$ cat start-v6.tsv   # TSV, C-alpha atoms
chain	number	residue	atom	x	y	z
X	2	MET	CA	86.11	1.51	121.55
X	3	SER	CA	88.03	-1.05	119.43
X	4	LYS	CA	89.43	-2.79	122.50
X	5	ILE	CA	85.94	-3.21	123.94
X	6	GLU	CA	84.62	-4.48	120.61
X	7	GLU	CA	87.43	-7.04	120.47
X	8	MET	CA	86.67	-8.14	124.04
X	9	ILE	CA	82.99	-8.58	123.17
X	10	LYS	CA	83.87	-10.71	120.12
X	11	GLU	CA	86.18	-12.84	122.22
X	12	LEU	CA	84.13	-13.16	125.42
X	13	CYS	CA	80.60	-12.87	124.02
X	14	PRO	CA	80.58	-14.60	120.61
X	15	LYS	CA	76.78	-14.89	120.74
X	16	GLY	CA	76.34	-11.25	121.76
X	17	VAL	CA	75.82	-9.54	125.11
X	18	GLU	CA	72.95	-10.92	127.18
X	19	LYS	CA	70.25	-8.49	128.33
X	20	VAL	CA	68.50	-9.03	131.65
X	21	LYS	CA	66.03	-7.17	133.83
X	22	LEU	CA	67.68	-4.91	136.38
X	23	GLY	CA	65.59	-6.44	139.15
X	24	ASP	CA	66.97	-9.91	138.32
X	25	VAL	CA	70.63	-8.96	138.79
X	26	CYS	CA	70.39	-6.14	141.34
X	27	ASN	CA	68.98	-5.78	144.81
X	28	ILE	CA	66.81	-2.65	144.73
X	29	SER	CA	65.87	-1.49	148.22
X	30	ARG	CA	64.48	1.68	149.75
X	31	GLY	CA	66.70	3.84	151.95
X	32	LYS	CA	66.06	4.48	155.62
X	33	ARG	CA	64.22	7.33	157.30
X	34	VAL	CA	66.15	10.43	158.27
X	35	VAL	CA	66.05	11.58	161.89
X	36	ARG	CA	66.02	15.36	161.44
X	37	LYS	CA	67.39	16.16	164.89
X	38	ASP	CA	70.52	14.11	164.11
X	39	LEU	CA	71.32	16.08	160.94
X	40	GLU	CA	74.39	18.29	160.97
X	41	THR	CA	75.23	21.18	158.62
X	42	VAL	CA	78.76	19.92	157.98
X	43	GLY	CA	80.35	16.51	158.11
X	44	LYS	CA	81.79	13.60	156.13
X	45	ILE	CA	78.65	11.49	155.61
X	46	PRO	CA	76.21	13.24	153.22
X	47	VAL	CA	72.50	12.46	153.57
X	48	PHE	CA	70.58	12.25	150.28
X	49	GLN	CA	66.81	12.39	150.33
X	50	ASN	CA	64.95	14.01	147.43
X	51	SER	CA	67.80	15.55	145.41
X	52	LEU	CA	71.51	15.19	144.71
X	53	VAL	CA	72.16	18.12	147.06
X	54	PRO	CA	72.79	16.69	150.55
X	55	LEU	CA	69.98	17.30	153.03
X	56	GLY	CA	72.65	17.48	155.70
X	57	TYR	CA	75.29	15.22	157.22
X	58	TYR	CA	75.32	12.23	159.57
X	59	SER	CA	77.98	10.57	161.68
X	60	LYS	CA	77.01	7.19	160.15
X	61	SER	CA	76.25	5.76	156.71
X	62	ASN	CA	73.96	3.06	155.28
X	63	CYS	CA	75.66	2.84	151.85
X	64	PRO	CA	79.31	2.34	150.92
X	65	ALA	CA	81.06	4.66	148.46
X	66	GLU	CA	80.20	4.22	144.76
X	67	THR	CA	76.77	2.74	145.44
X	68	THR	CA	74.18	3.85	142.90
X	69	PHE	CA	70.95	5.41	144.18
X	70	VAL	CA	67.80	6.66	142.46
X	71	ILE	CA	65.70	9.55	143.80
X	72	SER	CA	62.06	8.44	144.11
X	73	ALA	CA	60.40	11.74	145.17
X	74	GLY	CA	61.24	15.39	144.63
X	75	ALA	CA	63.85	15.11	141.86
X	76	ALA	CA	62.36	11.69	141.10
X	77	GLY	CA	64.15	9.60	138.49
X	78	VAL	CA	67.51	11.32	138.96
X	79	ILE	CA	70.46	8.95	139.36
X	80	GLY	CA	73.19	9.56	141.91
X	81	ILE	CA	76.45	8.11	143.15
X	82	SER	CA	78.82	9.26	145.90
X	83	ASP	CA	82.60	8.89	146.07
X	84	THR	CA	82.31	8.61	149.88
X	85	PRO	CA	80.06	6.49	152.15
X	86	PHE	CA	76.62	8.13	152.49
X	87	TRP	CA	73.15	7.83	153.96
X	88	ALA	CA	70.31	7.11	151.51
X	89	ALA	CA	66.98	8.28	152.93
X	90	ASP	CA	63.57	6.71	152.33
X	91	ASP	CA	63.01	8.80	149.18
X	92	CYS	CA	65.88	6.90	147.52
X	93	PHE	CA	66.18	3.46	145.97
X	94	ILE	CA	69.56	1.80	146.56
X	95	VAL	CA	70.78	-0.35	143.65
X	96	GLU	CA	73.37	-3.03	144.48
X	97	SER	CA	74.65	-6.13	142.68
X	98	THR	CA	77.24	-8.89	143.10
X	99	GLN	CA	77.27	-9.52	139.33
X	100	MET	CA	77.87	-5.98	138.12
X	101	GLU	CA	80.33	-3.15	138.64
X	102	ASP	CA	78.77	-0.33	140.68
X	103	LYS	CA	79.84	2.34	138.20
X	104	PHE	CA	78.62	0.23	135.28
X	105	ILE	CA	75.15	0.24	136.88
X	106	TYR	CA	75.40	3.99	137.51
X	107	ASN	CA	76.44	4.84	133.94
X	108	PHE	CA	73.74	2.62	132.48
X	109	LEU	CA	71.02	4.18	134.64
X	110	LYS	CA	72.17	7.69	133.74
X	111	THR	CA	71.19	6.86	130.14
X	112	LYS	CA	67.69	6.00	131.41
X	113	GLU	CA	66.95	9.11	133.49
X	114	TYR	CA	64.45	10.61	131.02
X	115	TYR	CA	62.69	7.26	130.71
X	116	LEU	CA	62.41	6.87	134.48
X	117	GLN	CA	61.14	10.43	134.84
X	118	SER	CA	58.39	9.59	132.34
X	119	LYS	CA	57.23	6.90	134.79
X	120	ILE	CA	56.69	9.31	137.70
X	121	ARG	CA	53.13	9.15	139.03
X	122	GLY	CA	51.08	10.64	141.85
X	123	GLY	CA	49.17	13.69	143.04
X	124	ALA	CA	50.68	16.57	144.99
X	125	ILE	CA	53.85	14.57	145.65
X	126	LYS	CA	54.89	12.69	142.52
X	127	ARG	CA	56.89	9.52	143.00
X	128	LEU	CA	58.79	6.90	141.07
X	129	ALA	CA	57.76	3.34	141.95
X	130	LYS	CA	60.25	0.50	142.13
X	131	GLU	CA	58.58	-1.55	139.35
X	132	PRO	CA	59.74	0.54	136.32
X	133	LEU	CA	63.27	0.42	137.74
X	134	GLU	CA	63.20	-3.34	138.21
X	135	ALA	CA	61.80	-3.86	134.71
X	136	LEU	CA	64.61	-1.99	132.91
X	137	GLU	CA	66.61	-4.19	130.53
X	138	ILE	CA	70.34	-3.90	131.14
X	139	PRO	CA	73.19	-5.48	129.15
X	140	LEU	CA	75.16	-8.00	131.20
X	141	PRO	CA	78.64	-8.35	129.69
X	142	PRO	CA	81.39	-10.17	131.62
X	143	LEU	CA	82.95	-8.20	134.46
X	144	ALA	CA	86.13	-7.60	132.43
X	145	ILE	CA	84.13	-5.74	129.78
X	146	GLN	CA	82.17	-3.83	132.43
X	147	GLN	CA	85.45	-2.74	134.01
X	148	GLU	CA	86.88	-1.64	130.66
X	149	ILE	CA	83.77	0.43	129.91
X	150	VAL	CA	83.93	2.02	133.36
X	151	SER	CA	87.63	2.77	132.83
X	152	VAL	CA	86.93	4.58	129.54
X	153	LEU	CA	84.11	6.65	131.06
X	154	ASP	CA	86.14	7.37	134.21
X	155	SER	CA	88.88	8.86	132.04
X	156	PHE	CA	86.32	11.43	130.85
X	157	THR	CA	84.92	12.22	134.29
X	158	THR	CA	88.41	12.49	135.82
X	159	LEU	CA	89.40	15.02	133.17
X	160	ILE	CA	86.14	16.95	133.59
X	161	ASP	CA	86.56	17.05	137.39
X	162	LYS	CA	90.16	18.25	137.00
X	163	MET	CA	89.05	21.04	134.66
X	164	LYS	CA	86.24	22.08	137.03
X	165	LYS	CA	88.75	22.34	139.88
X	166	GLU	CA	90.98	24.52	137.72
X	167	VAL	CA	88.02	26.80	136.94
X	168	GLU	CA	87.33	27.21	140.66
X	169	MET	CA	91.02	27.87	141.35
X	170	ARG	CA	91.21	30.50	138.57
X	171	LYS	CA	88.06	32.21	139.86
X	172	LYS	CA	89.58	32.43	143.34
X	173	GLN	CA	92.83	33.78	141.87
X	174	MET	CA	90.88	36.39	139.95
X	175	GLU	CA	88.96	37.42	143.07
X	176	VAL	CA	92.15	37.79	145.11
X	177	TYR	CA	93.83	39.78	142.35
X	178	ARG	CA	90.76	41.98	141.83
X	179	GLU	CA	90.67	42.88	145.53
X	180	LYS	CA	94.40	43.68	145.48
X	181	ILE	CA	94.48	45.92	142.41
X	182	MET	CA	91.32	47.78	143.42
X	183	LEU	CA	92.59	48.77	146.85
X	184	PRO	CA	92.51	52.61	147.04
X	185	LYS	CA	95.81	54.24	146.03
X	186	LYS	CA	97.21	57.70	146.55
X	187	GLY	CA	95.73	60.15	144.06
X	188	TRP	CA	92.53	58.18	143.43
X	189	GLU	CA	89.31	60.17	143.71
X	190	VAL	CA	86.58	59.16	146.14
X	191	LYS	CA	82.99	59.72	145.01
X	192	SER	CA	79.59	58.55	146.20
X	193	LEU	CA	77.39	56.72	143.73
X	194	GLY	CA	74.95	59.62	144.10
X	195	GLU	CA	77.61	61.88	142.55
X	196	LEU	CA	78.24	59.45	139.70
X	197	PHE	CA	74.74	58.21	138.80
X	198	THR	CA	71.04	58.97	138.89
X	199	PHE	CA	68.82	56.06	139.92
X	200	LYS	CA	65.40	54.99	138.67
X	201	ASN	CA	63.12	52.00	139.26
X	202	GLY	CA	62.07	49.93	136.25
X	203	ILE	CA	58.81	49.43	134.39
X	204	ASN	CA	55.88	47.47	135.84
X	205	LYS	CA	53.39	45.91	133.44
X	206	GLU	CA	50.59	43.36	133.50
X	207	LYS	CA	51.32	39.74	132.63
X	208	LYS	CA	49.52	40.05	129.26
X	209	ASP	CA	52.00	42.74	128.14
X	210	PHE	CA	55.01	40.43	128.25
X	211	GLY	CA	56.25	38.30	125.37
X	212	ILE	CA	55.60	40.88	122.65
X	213	GLY	CA	56.95	44.33	121.83
X	214	THR	CA	60.35	45.80	122.60
X	215	PRO	CA	63.37	44.29	124.42
X	216	ILE	CA	63.31	44.39	128.22
X	217	ILE	CA	66.23	43.79	130.58
X	218	ASN	CA	65.00	41.40	133.27
X	219	TYR	CA	66.27	40.38	136.69
X	220	SER	CA	67.66	37.09	135.36
X	221	ASP	CA	69.68	38.97	132.72
X	222	VAL	CA	71.45	41.00	135.39
X	223	TYR	CA	71.93	38.69	138.37
X	224	LYS	CA	75.67	37.87	138.63
X	225	ARG	CA	76.14	38.66	134.92
X	226	ARG	CA	78.66	41.61	135.08
X	227	GLY	CA	78.15	42.80	131.49
X	228	LEU	CA	75.19	42.78	129.09
X	229	HIS	CA	75.21	42.51	125.30
X	230	LYS	CA	72.30	42.64	122.89
X	231	GLU	CA	72.17	38.85	122.49
X	232	ASP	CA	71.78	38.45	126.27
X	233	ILE	CA	68.40	40.22	126.27
X	234	LYS	CA	65.67	37.70	125.46
X	235	GLY	CA	62.55	39.27	127.03
X	236	LEU	CA	59.95	41.44	125.28
X	237	VAL	CA	57.33	43.84	126.67
X	238	ASN	CA	54.58	45.93	125.12
X	239	SER	CA	55.68	49.53	125.88
X	240	ASN	CA	54.14	52.84	124.80
X	241	GLU	CA	56.09	55.86	123.58
X	242	SER	CA	56.16	57.53	127.01
X	243	GLU	CA	57.52	54.35	128.68
X	244	LEU	CA	60.20	53.97	126.00
X	245	ILE	CA	61.46	57.43	126.97
X	246	ARG	CA	61.20	57.07	130.77
X	247	TYR	CA	62.70	53.57	130.97
X	248	LYS	CA	65.21	53.86	128.15
X	249	CYS	CA	68.42	51.84	128.47
X	250	SER	CA	71.71	53.22	127.13
X	251	LYS	CA	75.25	51.92	126.86
X	252	GLY	CA	77.03	52.54	130.18
X	253	ASP	CA	73.88	52.22	132.33
X	254	VAL	CA	74.43	49.96	135.33
X	255	PHE	CA	71.48	47.82	136.45
X	256	PHE	CA	71.21	46.61	140.05
X	257	THR	CA	68.89	43.84	141.23
X	258	ARG	CA	66.44	45.57	143.56
X	259	THR	CA	65.06	42.62	145.51
X	260	SER	CA	65.98	39.09	146.56
X	261	GLU	CA	65.27	36.37	149.11
X	262	THR	CA	68.27	37.37	151.25
X	263	LYS	CA	70.35	40.50	151.84
X	264	GLU	CA	73.43	38.66	150.60
X	265	GLU	CA	71.93	38.35	147.10
X	266	VAL	CA	70.45	41.83	146.68
X	267	GLY	CA	72.03	44.66	144.68
X	268	TYR	CA	73.97	42.62	142.10
X	269	PRO	CA	74.96	44.77	139.09
X	270	ALA	CA	75.52	44.39	135.36
X	271	VAL	CA	76.57	47.15	132.95
X	272	LEU	CA	75.07	47.52	129.47
X	273	LEU	CA	78.03	47.26	127.09
X	274	GLU	CA	76.31	48.24	123.84
X	275	GLU	CA	73.33	50.25	122.60
X	276	ILE	CA	69.99	48.45	122.17
X	277	ASN	CA	67.23	50.33	120.34
X	278	ASN	CA	63.97	50.87	122.26
X	279	CYS	CA	65.06	48.79	125.24
X	280	VAL	CA	63.46	49.18	128.69
X	281	PHE	CA	64.14	47.54	132.07
X	282	SER	CA	62.15	45.57	134.64
X	283	GLY	CA	60.62	46.88	137.86
X	284	PHE	CA	62.76	44.36	139.76
X	285	LEU	CA	65.82	46.41	138.76
X	286	LEU	CA	67.34	49.81	139.42
X	287	ARG	CA	68.94	51.72	136.56
X	288	ALA	CA	72.02	53.79	137.42
X	289	THR	CA	72.60	56.32	134.65
X	290	PRO	CA	76.07	57.98	134.60
X	291	VAL	CA	76.11	61.74	135.11
X	292	LYS	CA	79.92	62.06	135.12
X	293	LYS	CA	82.35	60.30	132.78
X	294	LEU	CA	84.66	59.17	135.58
X	295	LEU	CA	84.10	55.42	135.19
X	296	ASP	CA	85.13	53.42	132.14
X	297	VAL	CA	82.15	51.37	130.92
X	298	GLU	CA	84.14	48.12	130.96
X	299	TYR	CA	85.55	48.93	134.42
X	300	CYS	CA	81.97	48.89	135.73
X	301	LYS	CA	81.98	45.11	135.14
X	302	TYR	CA	84.34	44.74	138.09
X	303	CYS	CA	84.28	47.70	140.48
X	304	PHE	CA	80.88	46.84	142.00
X	305	PHE	CA	81.91	43.27	142.88
X	306	THR	CA	84.59	44.05	145.46
X	307	LYS	CA	84.10	42.73	148.98
X	308	TYR	CA	83.91	46.30	150.28
X	309	PHE	CA	81.14	47.28	147.87
X	310	ARG	CA	79.12	44.09	148.46
X	311	LYS	CA	79.42	44.62	152.23
X	312	GLU	CA	78.08	48.17	151.89
X	313	VAL	CA	75.14	47.06	149.74
X	314	ILE	CA	74.20	44.32	152.22
X	315	LYS	CA	74.57	46.65	155.21
X	316	ARG	CA	72.17	49.21	153.72
X	317	ALA	CA	69.56	46.71	152.44
X	318	THR	CA	66.27	46.24	154.29
X	319	LEU	CA	64.61	42.92	155.06
X	320	THR	CA	60.89	42.32	155.60
X	321	THR	CA	59.36	39.47	153.63
X	322	ARG	CA	62.15	40.01	151.07
X	323	ALA	CA	65.46	41.86	150.98
X	324	LEU	CA	65.29	45.24	149.23
X	325	THR	CA	67.63	48.00	148.14
X	326	ASN	CA	66.87	51.33	146.50
X	327	GLY	CA	68.53	54.25	144.75
X	328	ASN	CA	68.75	56.27	147.95
X	329	SER	CA	70.68	53.52	149.75
X	330	LEU	CA	73.06	52.89	146.85
X	331	SER	CA	73.65	56.63	146.36
X	332	LYS	CA	75.31	56.83	149.78
X	333	ILE	CA	77.99	54.23	149.01
X	334	SER	CA	81.38	55.73	148.12
X	335	ILE	CA	83.98	54.15	145.85
X	336	SER	CA	87.58	54.96	144.99
X	337	ILE	CA	88.12	55.87	141.35
X	338	PRO	CA	91.50	55.35	139.68
X	339	PRO	CA	92.51	57.40	136.62
X	340	LEU	CA	90.92	56.14	133.39
X	341	SER	CA	94.23	54.75	132.12
X	342	VAL	CA	94.56	52.66	135.30
X	343	GLN	CA	90.93	51.52	134.99
X	344	GLN	CA	91.63	50.32	131.45
X	345	GLU	CA	94.74	48.42	132.57
X	346	ILE	CA	92.73	46.74	135.35
X	347	VAL	CA	90.08	45.77	132.80
X	348	ARG	CA	92.69	44.21	130.48
X	349	THR	CA	94.09	42.13	133.33
X	350	LEU	CA	90.74	40.92	134.66
X	351	ASP	CA	89.39	40.33	131.15
X	352	ALA	CA	92.32	37.97	130.56
X	353	PHE	CA	91.23	35.95	133.60
X	354	GLU	CA	87.61	35.95	132.39
X	355	THR	CA	88.59	34.87	128.87
X	356	TYR	CA	90.66	31.95	130.14
X	357	ILE	CA	87.91	30.84	132.55
X	358	SER	CA	85.30	31.10	129.79
X	359	LYS	CA	87.41	28.93	127.46
X	360	LEU	CA	87.79	26.32	130.19
X	361	GLU	CA	84.04	26.30	130.86
X	362	LYS	CA	83.29	25.84	127.14
X	363	LEU	CA	85.80	22.99	127.01
X	364	ILE	CA	84.13	21.38	130.04
X	365	THR	CA	80.78	21.54	128.22
X	366	LEU	CA	82.36	19.92	125.16
X	367	ARG	CA	83.97	17.14	127.22
X	368	GLN	CA	80.68	16.56	129.04
X	369	LYS	CA	78.89	16.08	125.71
X	370	GLN	CA	81.64	13.69	124.57
X	371	TYR	CA	81.30	11.73	127.81
X	372	GLU	CA	77.51	11.48	127.39
X	373	TYR	CA	77.91	10.39	123.76
X	374	TYR	CA	80.36	7.60	124.62
X	375	ARG	CA	78.29	6.57	127.65
X	376	GLU	CA	75.26	6.05	125.37
X	377	LYS	CA	77.33	4.25	122.75
X	378	LEU	CA	79.16	1.99	125.19

$ encode --input "start-v6.tsv" --output "structure tokens"
Amino acid sequence: MSKIEEMIKELCPKGVEKVKLGDVCNISRGKRVVRKDLETVGKIPVFQNSLVPLGYYSKSNCPAETTFVISAGAAGVIGISDTPFWAADDCFIVESTQMEDKFIYNFLKTKEYYLQSKIRGGAIKRLAKEPLEALEIPLPPLAIQQEIVSVLDSFTTLIDKMKKEVEMRKKQMEVYREKIMLPKKGWEVKSLGELFTFKNGINKEKKDFGIGTPIINYSDVYKRRGLHKEDIKGLVNSNESELIRYKCSKGDVFFTRTSETKEEVGYPAVLLEEINNCVFSGFLLRATPVKKLLDVEYCKYCFFTKYFRKEVIKRATLTTRALTNGNSLSKISISIPPLSVQQEIVRTLDAFETYISKLEKLITLRQKQYEYYREKL
């Protein structure tokens, strides 16, 4: 910060001039997308109404590091690409010969909420060009712009590096999990029907939610692995009979019962601690242990193997939505190592999870630091 402050004192003794964005930038609308030319993979991403590429082209209409603003859909969201790209007609392209591209991008990121407040329209809400053009932007000399970009790039480079390490560690963990869970001599083989009893969850009217006792919902379970008391945010008005029939106990495994696709159905999470008077949603299946052959913590991992996921998907049905049920899951068999081996597997995989979790928390911290300095600069 001190270097930038010194540069401002030296190069801008009267202070940094502020100008309207439309006076120093060319703000143009992108070009229409020809749907039949879109590809599912490629080098030239096509951005239309979100920062997720609509598809890929063999040509671009914007060079790398050009700032664009979504005008419909995710209107007001600011984007930039490190490769050439195609900006569709639901994007504004922001270019300038007087300003660094990334300086423009970082400035506009601080104005996202403001721009989103200017969205207007009926069924399809849009951002007009006028609020964008009217934004006041500081116009320091290029040397100061470049120094600011350099400082902010140091944050984003570090964040990107940490994100790549998280992905690498997750892949390592997956490979190691598959390896150590391969069936070994002496391991028992049991069907889930021998290990658990299954039951569908509670169904209530909309007015019954938001008050009453804790309820484990679909969103609590999906890709969660393990559940603690603080993870359960929902409440439902349940009577005494329902509290008995839909009771949740430590060691119960909850499977998502329905999803948009077969690939996303049947994801499990195990309840790792007791929660008084807790019930579970009708979008879930509860698997209650009937034999003490599986360590509670081991259940965080054994239902995520490629073999198990393949079996769940194979047995799911698909009409308007993908569905699984207790009968289908009961028929899936798993190999069960001795409890001491299960506990060793848990210690190993927990170490991976702990390291990944620390990295993710550090990424969040660095992201907040980056946003703070971006605002300040």

$ residues_around --input "start-v6.tsv" --residues "range 145-150 of chain X" --least-positions-apart "2" --cutoff "7 Å" --atoms "all atoms listed in the file" --output "list in words"
Ile5, Met8, Glu101, Lys103, Phe104, Pro141, Pro142, Leu143, Val152, Leu153, Asp154 and Leu378 of chain X

$ residues_around --input "start-v6.tsv" --residues "Arg246 in chain X" --least-positions-apart "2" --cutoff "12 Å" --atoms "all atoms listed in the file" --output "count of residues only"
19

$ residues_around --input "start-v6.tsv" --residues "range 182-186 of chain X" --least-positions-apart "6" --cutoff "8 Å" --atoms "all atoms listed in the file" --output "PDB file with C-alpha atoms, in the coordinates of the input"
ATOM      1  CA  CYS X 303      84.280  47.700 140.480  1.00  0.00           C
ATOM      2  CA  THR X 306      84.590  44.050 145.460  1.00  0.00           C
ATOM      3  CA  SER X 336      87.580  54.960 144.990  1.00  0.00           C
ATOM      4  CA  ILE X 337      88.120  55.870 141.350  1.00  0.00           C
ATOM      5  CA  PRO X 338      91.500  55.350 139.680  1.00  0.00           C
TER       6      PRO X 338
END

$ atom_distance --input "start-v6.tsv" --atom1 "CA of Asn27 in chain X" --atom2 "CA of Phe48 in chain X"
18.9 Å

$ residues_around --input "start-v6.tsv" --residues "range 354-357 of chain X" --least-positions-apart "4" --cutoff "7 Å" --atoms "only C-alpha atoms" --output "list of chain:residue names"
X:Val167, X:Arg170, X:Leu350, X:Glu361

$ closest_residue --input "start-v6.tsv" --among "X:Ala352, X:Val78, X:Ala323, X:Val347" --to "Gly267 in chain X" --atoms "only C-alpha atoms"
X:Ala323

$ residues_around --input "start-v6.tsv" --residues "range 220-235 of chain X" --least-positions-apart "6" --cutoff "8 Å" --atoms "all atoms listed in the file" --output "PyMOL selection string"
chain X and resi 210-211+255-257+268-276+301-302

$ write_last_selection --input "start-v6.tsv" --atoms "C-alpha atoms" --output "PDB file, in the frame of the given file"
ATOM      1  CA  PHE X 210      55.010  40.430 128.250  1.00  0.00           C
ATOM      2  CA  GLY X 211      56.250  38.300 125.370  1.00  0.00           C
ATOM      3  CA  PHE X 255      71.480  47.820 136.450  1.00  0.00           C
ATOM      4  CA  PHE X 256      71.210  46.610 140.050  1.00  0.00           C
ATOM      5  CA  THR X 257      68.890  43.840 141.230  1.00  0.00           C
ATOM      6  CA  TYR X 268      73.970  42.620 142.100  1.00  0.00           C
ATOM      7  CA  PRO X 269      74.960  44.770 139.090  1.00  0.00           C
ATOM      8  CA  ALA X 270      75.520  44.390 135.360  1.00  0.00           C
ATOM      9  CA  VAL X 271      76.570  47.150 132.950  1.00  0.00           C
ATOM     10  CA  LEU X 272      75.070  47.520 129.470  1.00  0.00           C
ATOM     11  CA  LEU X 273      78.030  47.260 127.090  1.00  0.00           C
ATOM     12  CA  GLU X 274      76.310  48.240 123.840  1.00  0.00           C
ATOM     13  CA  GLU X 275      73.330  50.250 122.600  1.00  0.00           C
ATOM     14  CA  ILE X 276      69.990  48.450 122.170  1.00  0.00           C
ATOM     15  CA  LYS X 301      81.980  45.110 135.140  1.00  0.00           C
ATOM     16  CA  TYR X 302      84.340  44.740 138.090  1.00  0.00           C
TER      17      TYR X 302
END

$ atom_distance --input "start-v6.tsv" --atom1 "CA of Leu286 in chain X" --atom2 "CA of Thr349 in chain X"
28.5 Å

$ closest_residue --input "start-v6.tsv" --among "X:Lys332, X:Lys112, X:Lys10, X:Arg127" --to "Ile71 in chain X" --atoms "only C-alpha atoms"
X:Arg127

$ closest_residue --input "start-v6.tsv" --among "X:Val42, X:Ile364, X:Ile79, X:Pro85" --to "Cys63 in chain X" --atoms "all atoms listed in the file"
X:Pro85

$ closest_residue --input "start-v6.tsv" --among "X:Lys60, X:Lys191, X:Lys369, X:Lys251" --to "Asn277 in chain X" --atoms "all atoms listed in the file"
X:Lys251

$ closest_residue --input "start-v6.tsv" --among "X:Val237, X:Ile125, X:Ile81, X:Met169" --to "Leu52 in chain X" --atoms "all atoms listed in the file"
X:Ile81

$ decode --input "start-v6.tsv" --residues "range 350-361 of chain X" --atoms "N, CA, C and O atoms" --output "CSV table (one decimal), in the first residue's frame"
chain,number,residue,atom,x,y,z
X,350,LEU,N,-8.0,-41.4,6.2
X,350,LEU,CA,-8.8,-40.5,5.3
X,350,LEU,C,-9.2,-39.2,6.1
X,350,LEU,O,-9.4,-38.2,5.4
X,351,ASP,N,-9.4,-39.3,7.4
X,351,ASP,CA,-9.7,-38.1,8.2
X,351,ASP,C,-8.5,-37.1,8.1
X,351,ASP,O,-8.7,-35.9,8.1
X,352,ALA,N,-7.3,-37.6,8.0
X,352,ALA,CA,-6.1,-36.7,7.9
X,352,ALA,C,-6.2,-36.0,6.6
X,352,ALA,O,-5.8,-34.8,6.5
X,353,PHE,N,-6.6,-36.7,5.5
X,353,PHE,CA,-6.8,-36.0,4.2
X,353,PHE,C,-7.8,-34.9,4.3
X,353,PHE,O,-7.6,-33.7,3.9
X,354,GLU,N,-9.0,-35.3,4.9
X,354,GLU,CA,-10.1,-34.3,5.1
X,354,GLU,C,-9.7,-33.1,5.9
X,354,GLU,O,-10.1,-32.0,5.5
X,355,THR,N,-9.0,-33.3,7.0
X,355,THR,CA,-8.5,-32.2,7.8
X,355,THR,C,-7.6,-31.2,7.1
X,355,THR,O,-7.8,-30.0,7.2
X,356,TYR,N,-6.7,-31.8,6.3
X,356,TYR,CA,-5.8,-30.9,5.6
X,356,TYR,C,-6.5,-30.1,4.5
X,356,TYR,O,-6.3,-28.9,4.3
X,357,ILE,N,-7.5,-30.8,3.8
X,357,ILE,CA,-8.2,-30.2,2.8
X,357,ILE,C,-9.1,-29.1,3.4
X,357,ILE,O,-9.2,-28.0,2.8
X,358,SER,N,-9.7,-29.4,4.5
X,358,SER,CA,-10.6,-28.4,5.2
X,358,SER,C,-9.8,-27.1,5.6
X,358,SER,O,-10.3,-26.0,5.5
X,359,LYS,N,-8.6,-27.3,6.1
X,359,LYS,CA,-7.7,-26.2,6.5
X,359,LYS,C,-7.4,-25.4,5.3
X,359,LYS,O,-7.4,-24.1,5.3
X,360,LEU,N,-7.1,-26.0,4.2
X,360,LEU,CA,-6.8,-25.3,2.9
X,360,LEU,C,-8.0,-24.5,2.5
X,360,LEU,O,-7.8,-23.3,2.1
X,361,GLU,N,-9.2,-25.1,2.5
X,361,GLU,CA,-10.4,-24.4,2.1
X,361,GLU,C,-10.7,-23.2,3.0
X,361,GLU,O,-11.1,-22.1,2.5
